[in-house]
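Undergrad: Have a look at this one.
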Amino acid sequence: MCACGICVTDAGNECILPVYKPMMKPSLPVFLIATVFAFSTFNFSHAATDGDWLSWRGPNGNGVAAEGQSLPTEFSETKQVQWKASVPGRGHSTPIVVGDRIFLTTAREQEGTQSVLCYSFSTGELLWEKILLKGKLPIKIHRKNTHASASVASDGERIYALFFVAGDRLRLFALDLNGNELWQKDTGRFYPERSFGYGTSPLLAGGNVVVAAESQGEGFIAAFDSETGKEVWRTLRTAERSSHGTPVLADINGTTQIVLYGADRVASYDPKNGSELWSFSGGDPLIANTVLWKDGVVFMSGGYPGMETWALDVAKQKSIWTYPTKCYEQSMLLVGDHLYGIAEGGVVHCWDTANGNLRWRERLTKGPESASPILAGGYIYHANENGKVFVIKPNPDKMELVAENQLGEEIFATPTICRDRILLRSAKYEGETRSETLYSIGF
């Protein structure tokens, strides 16, 4: 998300209390015409380079930014701002960076459009907006979600944007870096219970664009050729409830695999053909974040109606520890031999990765949480829904809060941090009028 901006802890006006659920046993299975608003004329092409941020969760899919960056820890709407740019419409997608271009999605709800925006990384100038869909917004989504919550992904030559549209369908688009549409594809049905909407980001793996639809009923994970949009493979994922986790490409025990948590299990798939490599039943059905992995162990958190943070030894197909709390929308971070997670209500946890022993837990200024933390420049940067951006120094012995910054009144999108810049998507309100701003923070 996520990032994803989907909250199931508050259904309607009722507050639902989570219930702890124990681990389960493992199982081992073998159009519309698009429009371009051009704000500058150029012919831009780019191959992926060091310093790019090409997809959700950054260079390695784990929320860790490139090393060696010099970043401010204290900033505001006027302090350390290199530039700020107005973002039309509404969305929770995280920006990605390709060369000197920033890409993100937005939805203009009054006009009924869903589009991709392109900004200059250097100046913040809006270079173009590509309207991909018009009049296709679903009738209803969760009040905390948007019609542009999935982040785009790029292979350095093209960008891929995924939207949830009316009729409970998912539509995938490929654009070149100048905003020209290359192809589009209806990837299939996604049925979200209680009209939560969608927020899962696409994943690039093995020359394909991978789309996960953790639908209530017959969901799927499928891959589409990045150059043509042709379907390469599709694997069904049957679930009693919809889920919202984003898959990740991981190297576990020497095997490159796609890992996805949700639908009462964590499972791994072969990027080449979608065959299931392994599966482990456990956790709660509703998930809205991305897993972590290290030394053959996968770390997960989340769940509804229960709550659980746990670790799975993949080779042994055994849960090695579990802890009764959840980081539902917020993906976690690994720093050395310690796991950091920010649970509901802004409670920061630090666990030993080997055994799950809780080293400490401390509460930040209380507020609802949706964005995921990012590790950069030796610090953890985390934003809550109230627009507060916390800077924490990782320390397994105690909580070290370095700074608490205010940026606007609302943040759902996870920060993007690359090339000594922090990109933050924030919003403000004047009465009932909401406006979004993209900030570039740095020295």
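Note on naming: chains are A, B, ... as they come in the structure tokens, residues start from 1 per chain, ligands start from 1 in the order shown.
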Sorted by chain and rising residue number, which residues of range 124-165 of chain A lie within 10 Å of range 177-194 of chain A, and what are their closest atom pairs and distances in Å to one decimal, counting only C-alpha atoms, as a Markdown table?
TA:
```
| residue | atom | partner | partner_atom | distance |
| --- | --- | --- | --- | --- |
| A:Leu127 | CA | A:Asn178 | CA | 9.0 |
| A:Trp128 | CA | A:Gly179 | CA | 7.3 |
| A:Glu129 | CA | A:Gly179 | CA | 7.6 |
| A:Lys130 | CA | A:Gly179 | CA | 6.1 |
| A:Ile131 | CA | A:Gly179 | CA | 9.6 |
| A:Leu132 | CA | A:Glu181 | CA | 8.5 |
| A:Lys140 | CA | A:Arg194 | CA | 9.2 |
| A:Ile141 | CA | A:Arg194 | CA | 8.2 |
| A:His142 | CA | A:Arg194 | CA | 7.9 |
| A:Ser154 | CA | A:Leu177 | CA | 9.2 |
| A:Gly156 | CA | A:Leu177 | CA | 8.4 |
| A:Glu157 | CA | A:Leu177 | CA | 6.6 |
| A:Arg158 | CA | A:Leu177 | CA | 5.8 |
| A:Ile159 | CA | A:Leu177 | CA | 6.8 |
| A:Tyr160 | CA | A:Gln184 | CA | 9.4 |
| A:Ala161 | CA | A:Gln184 | CA | 9.4 |
| A:Leu162 | CA | A:Thr187 | CA | 9.4 |
| A:Phe163 | CA | A:Asp186 | CA | 9.9 |
| A:Phe164 | CA | A:Phe190 | CA | 8.1 |
| A:Val165 | CA | A:Phe190 | CA | 9.5 |
```
Undergrad: I'd like the neighbourhood of Glu329 in chain A as a PDB file with N, CA and C atoms, in the first residue's frame, where a residue qualifies if any of its atoms comes within 6 Å (using only C-alpha atoms), though same-chain residues fewer than 2 positions away should be ignored.
TA:
```pdb
ATOM      1  N   ALA A 288      -3.019  -6.919   4.397  1.00  0.00           N
ATOM      2  CA  ALA A 288      -2.900  -5.746   3.514  1.00  0.00           C
ATOM      3  C   ALA A 288      -1.476  -5.217   3.447  1.00  0.00           C
ATOM      4  N   ASN A 289      -0.488  -6.101   3.555  1.00  0.00           N
ATOM      5  CA  ASN A 289       0.896  -5.628   3.458  1.00  0.00           C
ATOM      6  C   ASN A 289       1.758  -6.656   2.738  1.00  0.00           C
ATOM      7  N   SER A 370      -1.484   3.756   8.218  1.00  0.00           N
ATOM      8  CA  SER A 370      -1.695   3.099   6.928  1.00  0.00           C
ATOM      9  C   SER A 370      -0.390   2.942   6.161  1.00  0.00           C
TER      10      SER A 370
END
```
Undergrad: Pick out the closest residue to Gly229 in chain A from this set: A:Tyr381, A:Trp53, A:Phe443, A:Phe173. Count only C-alpha atoms.
TA: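 Smallest separation from Gly229 in chain A among the options: A:Phe173.
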Undergrad: My list of candidates is A:Tyr198, A:Phe224, A:Trp351, A:Tyr261. Which is closest to Arg237 in chain A when distances are computed with only C-alpha atoms?
TA: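 Closest to Arg237 in chain A, using only C-alpha atoms: A:Tyr261.
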Undergrad: Restricting the calculation to only C-alpha atoms: of A:Val210, A:Val259, A:Ala166, A:Ile287, which residue gets closest to Val314 in chain A?
TA: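 Smallest distance to Val314 in chain A is found for A:Val259.
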Undergrad: Can you tell me, as a ChimeraX atom specification, what residues are no more than 8 Å from Glu74 in chain A when counting only C-alpha atoms, ignoring any on the same chain fewer than 6 positions away?
TA: /A:80,403-405
Undergrad: Quick one: DSSP strand (DSSP E) residues in range 217-344 of chain A, as a PyMOL selection string?
TA: chain A and resi 217-225+231-239+248-252+255-262+265-269+276-281+292-294+297-302+308-313+318-323+333-335+338-343
Undergrad: Would you mind telling me which residue in A:Leu407, A:Ile417, A:Arg361, A:Thr325 lies nearest to Lys84 in chain A when using only C-alpha atoms?
TA: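 Closest candidate: A:Leu407.
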Undergrad: Set the distance at 12 Å and use only C-alpha atoms: which residues neighbour Cys418 in chain A once local chain neighbours fewer than 2 positions away are removed? I'd like the list as a ChimeraX atom specification.
TA: /A:49-54,57-59,63-71,95-100,102,121,374-377,415-416,420-424,440-442
Undergrad: Work out how far apart CA of Gly207 in chain A and CA of Ala153 in chain A are and give it in Å to one decimal.
TA: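 So the two atoms, CA of Gly207 in chain A and CA of Ala153 in chain A, lie 12.5 Å apart.
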Undergrad: Tell me, as a VMD selection string, which residues lie within 8 Å of range 410-414 of chain A, counting only C-alpha atoms; anything in the same chain fewer than 4 positions away does not count.
TA: chain A and resid 1 to 5 92 to 94 369 to 374 382 to 388 424 to 428
Undergrad: Please produce a file of the residues just selected, as an mmCIF file, in the first residue's frame, where the atoms kept are N, CA and C atoms.
TA:
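For reference, selection.cif as written:
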```cif
data_model
loop_
_atom_site.group_PDB
_atom_site.id
_atom_site.type_symbol
_atom_site.label_atom_id
_atom_site.label_comp_id
_atom_site.auth_asym_id
_atom_site.auth_seq_id
_atom_site.Cartn_x
_atom_site.Cartn_y
_atom_site.Cartn_z
ATOM 1 N N MET A 1 0.586 -0.172 0.000
ATOM 2 C CA MET A 1 0.000 0.000 0.000
ATOM 3 C C MET A 1 0.851 0.250 0.000
ATOM 4 N N CYS A 2 0.000 1.688 0.843
ATOM 5 C CA CYS A 2 0.281 0.986 0.449
ATOM 6 C C CYS A 2 0.177 1.047 0.318
ATOM 7 N N ALA A 3 -0.002 2.228 2.415
ATOM 8 C CA ALA A 3 0.171 2.065 1.024
ATOM 9 C C ALA A 3 -1.105 1.693 0.404
ATOM 10 N N CYS A 4 -1.803 0.664 0.976
ATOM 11 C CA CYS A 4 -3.029 0.238 0.338
ATOM 12 C C CYS A 4 -4.192 1.097 0.737
ATOM 13 N N GLY A 5 -4.197 1.680 1.904
ATOM 14 C CA GLY A 5 -5.256 2.596 2.300
ATOM 15 C C GLY A 5 -6.563 1.916 2.589
ATOM 16 N N HIS A 92 -3.749 7.153 -2.996
ATOM 17 C CA HIS A 92 -2.834 6.731 -1.932
ATOM 18 C C HIS A 92 -1.609 6.025 -2.493
ATOM 19 N N SER A 93 -1.424 6.008 -3.803
ATOM 20 C CA SER A 93 -0.289 5.290 -4.375
ATOM 21 C C SER A 93 1.024 5.981 -4.025
ATOM 22 N N THR A 94 2.051 5.162 -3.826
ATOM 23 C CA THR A 94 3.391 5.650 -3.528
ATOM 24 C C THR A 94 4.087 6.065 -4.828
ATOM 25 N N GLU A 369 -2.846 4.319 11.451
ATOM 26 C CA GLU A 369 -1.682 3.984 10.634
ATOM 27 C C GLU A 369 -2.121 3.358 9.310
ATOM 28 N N SER A 370 -1.484 3.756 8.218
ATOM 29 C CA SER A 370 -1.695 3.099 6.928
ATOM 30 C C SER A 370 -0.390 2.942 6.161
ATOM 31 N N ALA A 371 0.460 3.977 6.163
ATOM 32 C CA ALA A 371 1.712 3.934 5.407
ATOM 33 C C ALA A 371 2.706 2.981 6.054
ATOM 34 N N SER A 372 3.632 2.458 5.243
ATOM 35 C CA SER A 372 4.675 1.559 5.739
ATOM 36 C C SER A 372 5.956 2.332 6.012
ATOM 37 N N PRO A 373 6.746 1.904 7.006
ATOM 38 C CA PRO A 373 8.017 2.569 7.297
ATOM 39 C C PRO A 373 9.068 2.239 6.243
ATOM 40 N N ILE A 374 10.032 3.156 6.089
ATOM 41 C CA ILE A 374 11.154 2.982 5.162
ATOM 42 C C ILE A 374 12.456 3.192 5.932
ATOM 43 N N HIS A 382 8.626 7.026 9.156
ATOM 44 C CA HIS A 382 7.267 6.478 9.185
ATOM 45 C C HIS A 382 6.252 7.604 9.315
ATOM 46 N N ALA A 383 5.217 7.560 8.474
ATOM 47 C CA ALA A 383 4.163 8.574 8.503
ATOM 48 C C ALA A 383 2.845 7.942 8.936
ATOM 49 N N ASN A 384 2.075 8.669 9.781
ATOM 50 C CA ASN A 384 0.746 8.164 10.117
ATOM 51 C C ASN A 384 -0.322 8.960 9.364
ATOM 52 N N GLU A 385 -1.564 8.564 9.532
ATOM 53 C CA GLU A 385 -2.646 9.174 8.764
ATOM 54 C C GLU A 385 -2.882 10.639 9.120
ATOM 55 N N ASN A 386 -2.395 11.081 10.262
ATOM 56 C CA ASN A 386 -2.592 12.457 10.689
ATOM 57 C C ASN A 386 -1.520 13.404 10.166
ATOM 58 N N GLY A 387 -0.656 12.926 9.276
ATOM 59 C CA GLY A 387 0.360 13.783 8.682
ATOM 60 C C GLY A 387 1.628 13.908 9.491
ATOM 61 N N LYS A 388 1.762 13.117 10.550
ATOM 62 C CA LYS A 388 2.989 13.144 11.354
ATOM 63 C C LYS A 388 4.002 12.174 10.753
ATOM 64 N N LEU A 424 7.110 12.667 -0.331
ATOM 65 C CA LEU A 424 5.956 12.409 0.526
ATOM 66 C C LEU A 424 4.699 12.998 -0.104
ATOM 67 N N ARG A 425 3.666 12.201 -0.150
ATOM 68 C CA ARG A 425 2.367 12.612 -0.692
ATOM 69 C C ARG A 425 1.437 12.908 0.474
ATOM 70 N N SER A 426 1.061 14.171 0.611
ATOM 71 C CA SER A 426 0.310 14.626 1.774
ATOM 72 C C SER A 426 -0.957 15.347 1.324
ATOM 73 N N ALA A 427 -1.893 15.520 2.252
ATOM 74 C CA ALA A 427 -3.139 16.207 1.926
ATOM 75 C C ALA A 427 -3.514 17.180 3.036
ATOM 76 N N LYS A 428 -4.287 18.200 2.647
ATOM 77 C CA LYS A 428 -4.826 19.187 3.574
ATOM 78 C C LYS A 428 -6.306 19.386 3.298
#
```
Undergrad: For Met399 in chain A, which of A:Arg143, A:Lys366, A:His349, A:Arg419 is the closest residue, counting only C-alpha atoms?
TA: A:His349
Undergrad: Considering only C-alpha atoms, can you say which of A:Met300, A:Ile320, A:Ala212, A:Leu364 comes closest to Leu339 in chain A?
TA: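 Of A:Met300, A:Ile320, A:Ala212, A:Leu364, the one nearest Leu339 in chain A is A:Met300, counting only C-alpha atoms.
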